[in-house]
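**Student:** The structure is given below, and queries will be raised subsequently.
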Amino acid sequence: MEEKSTDKNVNTGQQACACGGESAAHGAPLSHGETRQPPAPSAAPLPSSAALAYLGDARHSLFVRDMLVRRGISHAKELNALALSYITAPAQASAAERIMGHLTEEERAVYRRAVNTPHINRPKNVSGAQYRAATGFEAVIGMLTFVGDEERATELLRISCAATEDKKDKEI
């Protein structure tokens, strides 16, 4: 005798998830053996440059914090001081210069769009050019994070931090 499954998703072909898998967010039922894939980069329009920069800023900050902790630094005061050498607008503007030669055409387009976005809330201690370049850098990292290309985001983040790392090593 064949054993019946009590999981409704198995019988309908839908992918089961923690929320039960029956919400509209899960889309159409899947065929037997099919798995749901994240949308292709062109499947959904990109958010605004400001939203991409917001996401990219968070991704960059997390990358820097992780890098510093992995170096063995454990004091919060030292971690915060070192992180500032990477995550301020002038540092991000320098990072943008370092990655520029490594960007694809699509990444350059995202960068240009972000740089040309009007900025209302520029900090007083940062030039407009630095702030725009930092926003472009953040938007590129944000776009890569948004489309799920973490490998490429990490590659560019490593390139962007390499020169700062070399400078820090020379200071020590």
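Following the order of the structure tokens, first chain is A, next is B, and so on, with residues numbered from 1 inside each chain and ligands from 1 in the order they appear.
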Using only C-alpha atoms, which protein or nucleic acid residues come within 12 Å of Gly128 of chain A? Drop anything in the same chain fewer than 5 positions from it, and give the result as a VMD selection string.

**Tutor:** chain A and resid 89 to 90 93 115 to 123 133 to 135

**Student:** Store the residues of this selection in a file with N, CA and C atoms, as a compact mmCIF listing (two decimals), in the first residue's frame.

**Tutor:**
```
# COMPACT_ATOMS: atom_id res chain seq x y z
N ALA A 89 32.60 58.88 3.59
CA ALA A 89 32.42 59.26 2.18
C ALA A 89 33.76 59.47 1.46
N PRO A 90 34.75 60.16 2.05
CA PRO A 90 36.03 60.28 1.34
C PRO A 90 36.69 58.92 1.08
N ALA A 93 34.83 57.29 -1.72
CA ALA A 93 35.15 57.94 -2.99
C ALA A 93 36.47 57.39 -3.53
N VAL A 115 25.65 58.69 -9.33
CA VAL A 115 26.44 59.93 -9.24
C VAL A 115 25.62 61.12 -9.69
N ASN A 116 24.76 60.92 -10.67
CA ASN A 116 23.96 62.02 -11.22
C ASN A 116 22.64 62.25 -10.49
N THR A 117 22.36 61.46 -9.46
CA THR A 117 21.15 61.66 -8.68
C THR A 117 21.32 62.91 -7.80
N PRO A 118 20.34 63.79 -7.77
CA PRO A 118 20.46 64.97 -6.91
C PRO A 118 20.57 64.57 -5.43
N HIS A 119 21.50 65.20 -4.73
CA HIS A 119 21.71 64.91 -3.31
C HIS A 119 21.30 66.11 -2.49
N ILE A 120 20.45 65.88 -1.53
CA ILE A 120 19.96 66.96 -0.68
C ILE A 120 20.72 66.99 0.65
N ASN A 121 21.08 65.85 1.17
CA ASN A 121 21.64 65.76 2.53
C ASN A 121 23.13 65.50 2.57
N ARG A 122 23.92 66.25 1.83
CA ARG A 122 25.37 66.06 1.84
C ARG A 122 25.96 66.59 3.15
N PRO A 123 26.80 65.78 3.81
CA PRO A 123 27.47 66.26 5.02
C PRO A 123 28.35 67.47 4.71
N ALA A 133 30.68 60.39 -5.63
CA ALA A 133 31.47 59.19 -5.93
C ALA A 133 31.18 58.09 -4.90
N ALA A 134 31.08 58.47 -3.62
CA ALA A 134 30.76 57.49 -2.58
C ALA A 134 29.39 56.87 -2.82
N THR A 135 28.43 57.70 -3.22
CA THR A 135 27.08 57.19 -3.51
C THR A 135 27.12 56.23 -4.69
```

**Student:** Please indicate the distance in Å from atom CA of Met143 of chain A to atom CA of Ile159 of chain A, rounded to one decimal place.

**Tutor:**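 Pair atom CA of Met143 of chain A / atom CA of Ile159 of chain A returns 16.9 Å.
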
**Student:** If you count only C-alpha atoms, which residues fall within 12 Å of segment 136-139 of chain A, apart from same-chain ones fewer than 4 positions away, as a ChimeraX atom specification?

**Tutor:** /A:46-61,87-100,103,106-117,119,129-132,143-146,153,156-157,160

**Student:** As a ChimeraX atom specification, list the residues of segment 20-166 of chain A assigned to alpha helix (DSSP H) by DSSP on the backbone atoms of this structure.

**Tutor:** /A:49-70,76-87,89-99,105-115,128-147,150-166

**Student:** By how many Å are atom CA of Pro45 of chain A and atom CA of Gly101 of chain A apart?

**Tutor:**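 Result for atom CA of Pro45 of chain A versus atom CA of Gly101 of chain A: 25.5 Å, one decimal.
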
**Student:** I need the residue nearest Leu62 of chain A from this list: A:Ala76, A:Val147, A:Ala44, A:Ala83. Use only C-alpha atoms for the distance.

**Tutor:**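 Closest residue, counting only C-alpha atoms: A:Ala83.
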